[in-house]
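Engineer: If you scroll down you'll find the structure; I have some questions about it.
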Amino acid sequence: MASSLAPTPSTPATPAIAPISLKAIAPWAVFFGILMLILLYFVGAEQGATSLVSGTDVHEWVHDGRHLLGFPCH
């Protein structure tokens, strides 16, 4: 007696992924936006009259990034 094991058509099991709400993303977006603005300030404007940190330490740490992004510093 021969048994045939023919595949039965079925839908593949896909996990149900719920969409992420804007309410859940908003605090993280604000946090990373502020973080990027702070980083942009230190790379682009932390020098001279607008300096928040005395000395040239911050300037030296971000010097190459400043040139890479096109900010003048000399």
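Every chain in the structure tokens has a letter given in the order shown (A, B, ...), and although residue numbers restart at 1 in each chain, ligands are simply numbered from 1 in the order shown.
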If you run DSSP on the backbone, which residues of segment 32-72 of chain A are alpha helix (DSSP H), as a list in words?
Structural biologist: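 Of segment 32-72 of chain A, only Phe32, Gly33, Ile34, Leu35, Met36, Leu37, Ile38, Leu39, Leu40, Tyr41, Phe42, Val43, Gly44, Asp57, Val58, His59, Glu60, Trp61, Val62, His63, Asp64, Gly65, Arg66, His67 and Leu68 of chain A fall in alpha helix (DSSP H).
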Engineer: Take the residues just selected and output them with N, CA, C and O atoms as a CSV table (one decimal), in the first residue's frame.
Structural biologist:
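What landed in again-v3.csv:
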chain,number,residue,atom,x,y,z
A,32,PHE,N,17.0,62.4,20.9
A,32,PHE,CA,18.1,62.3,19.9
A,32,PHE,C,18.2,63.6,19.1
A,32,PHE,O,19.3,64.0,18.7
A,33,GLY,N,17.1,64.3,18.9
A,33,GLY,CA,17.2,65.6,18.3
A,33,GLY,C,18.0,66.6,19.1
A,33,GLY,O,18.9,67.3,18.6
A,34,ILE,N,17.8,66.7,20.4
A,34,ILE,CA,18.5,67.5,21.4
A,34,ILE,C,20.0,67.1,21.4
A,34,ILE,O,20.9,67.9,21.4
A,35,LEU,N,20.2,65.8,21.5
A,35,LEU,CA,21.6,65.3,21.5
A,35,LEU,C,22.4,65.7,20.2
A,35,LEU,O,23.5,66.1,20.3
A,36,MET,N,21.7,65.6,19.1
A,36,MET,CA,22.4,66.0,17.8
A,36,MET,C,22.6,67.5,17.8
A,36,MET,O,23.7,68.0,17.3
A,37,LEU,N,21.7,68.3,18.3
A,37,LEU,CA,22.0,69.8,18.4
A,37,LEU,C,23.2,70.1,19.3
A,37,LEU,O,24.0,71.0,19.0
A,38,ILE,N,23.3,69.4,20.4
A,38,ILE,CA,24.4,69.6,21.3
A,38,ILE,C,25.7,69.2,20.6
A,38,ILE,O,26.7,69.9,20.7
A,39,LEU,N,25.7,68.1,19.9
A,39,LEU,CA,26.9,67.6,19.2
A,39,LEU,C,27.2,68.6,18.1
A,39,LEU,O,28.4,69.0,17.9
A,40,LEU,N,26.2,69.1,17.4
A,40,LEU,CA,26.5,70.1,16.3
A,40,LEU,C,27.1,71.4,16.9
A,40,LEU,O,28.0,72.0,16.3
A,41,TYR,N,26.6,71.8,18.1
A,41,TYR,CA,27.2,73.0,18.7
A,41,TYR,C,28.6,72.8,19.1
A,41,TYR,O,29.5,73.6,18.8
A,42,PHE,N,29.0,71.6,19.7
A,42,PHE,CA,30.4,71.4,20.1
A,42,PHE,C,31.3,71.3,18.9
A,42,PHE,O,32.4,71.7,18.9
A,43,VAL,N,30.8,70.7,17.8
A,43,VAL,CA,31.6,70.6,16.6
A,43,VAL,C,31.7,71.9,15.8
A,43,VAL,O,32.8,72.3,15.4
A,44,GLY,N,30.6,72.6,15.8
A,44,GLY,CA,30.6,73.8,14.9
A,44,GLY,C,30.8,75.1,15.5
A,44,GLY,O,31.3,76.1,14.9
A,57,ASP,N,40.5,72.6,24.7
A,57,ASP,CA,40.4,71.2,24.7
A,57,ASP,C,39.3,70.7,23.8
A,57,ASP,O,39.6,69.7,23.0
A,58,VAL,N,38.2,71.2,23.9
A,58,VAL,CA,37.0,70.8,23.1
A,58,VAL,C,37.4,71.0,21.6
A,58,VAL,O,37.1,70.2,20.8
A,59,HIS,N,37.9,72.2,21.3
A,59,HIS,CA,38.3,72.5,20.0
A,59,HIS,C,39.3,71.5,19.4
A,59,HIS,O,39.1,71.0,18.3
A,60,GLU,N,40.2,71.1,20.2
A,60,GLU,CA,41.2,70.1,19.7
A,60,GLU,C,40.6,68.7,19.5
A,60,GLU,O,40.9,68.0,18.6
A,61,TRP,N,39.6,68.4,20.3
A,61,TRP,CA,39.0,67.1,20.2
A,61,TRP,C,38.1,67.0,19.0
A,61,TRP,O,38.0,65.9,18.4
A,62,VAL,N,37.5,68.1,18.6
A,62,VAL,CA,36.6,68.0,17.4
A,62,VAL,C,37.1,68.7,16.2
A,62,VAL,O,36.4,68.9,15.2
A,63,HIS,N,38.4,69.0,16.2
A,63,HIS,CA,39.1,69.8,15.1
A,63,HIS,C,38.9,69.1,13.8
A,63,HIS,O,38.5,69.7,12.8
A,64,ASP,N,39.2,67.8,13.7
A,64,ASP,CA,39.1,67.1,12.4
A,64,ASP,C,37.7,67.0,11.9
A,64,ASP,O,37.4,67.2,10.7
A,65,GLY,N,36.8,66.8,12.8
A,65,GLY,CA,35.3,66.7,12.5
A,65,GLY,C,34.8,68.0,12.0
A,65,GLY,O,34.0,68.1,11.1
A,66,ARG,N,35.4,69.1,12.6
A,66,ARG,CA,35.0,70.5,12.2
A,66,ARG,C,35.4,70.7,10.7
A,66,ARG,O,34.6,71.2,9.9
A,67,HIS,N,36.6,70.3,10.3
A,67,HIS,CA,37.0,70.5,8.9
A,67,HIS,C,36.2,69.6,8.0
A,67,HIS,O,35.9,70.0,6.9
A,68,LEU,N,36.0,68.3,8.4
A,68,LEU,CA,35.2,67.4,7.6
A,68,LEU,C,33.8,67.9,7.3
A,68,LEU,O,33.3,67.7,6.2
Engineer: What is the distance between atom CA of Ser54 of chain A and atom CA of Gly70 of chain A, in Å to one decimal?
Structural biologist: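 About the pair atom CA of Ser54 of chain A and atom CA of Gly70 of chain A: they are 23.3 Å apart.
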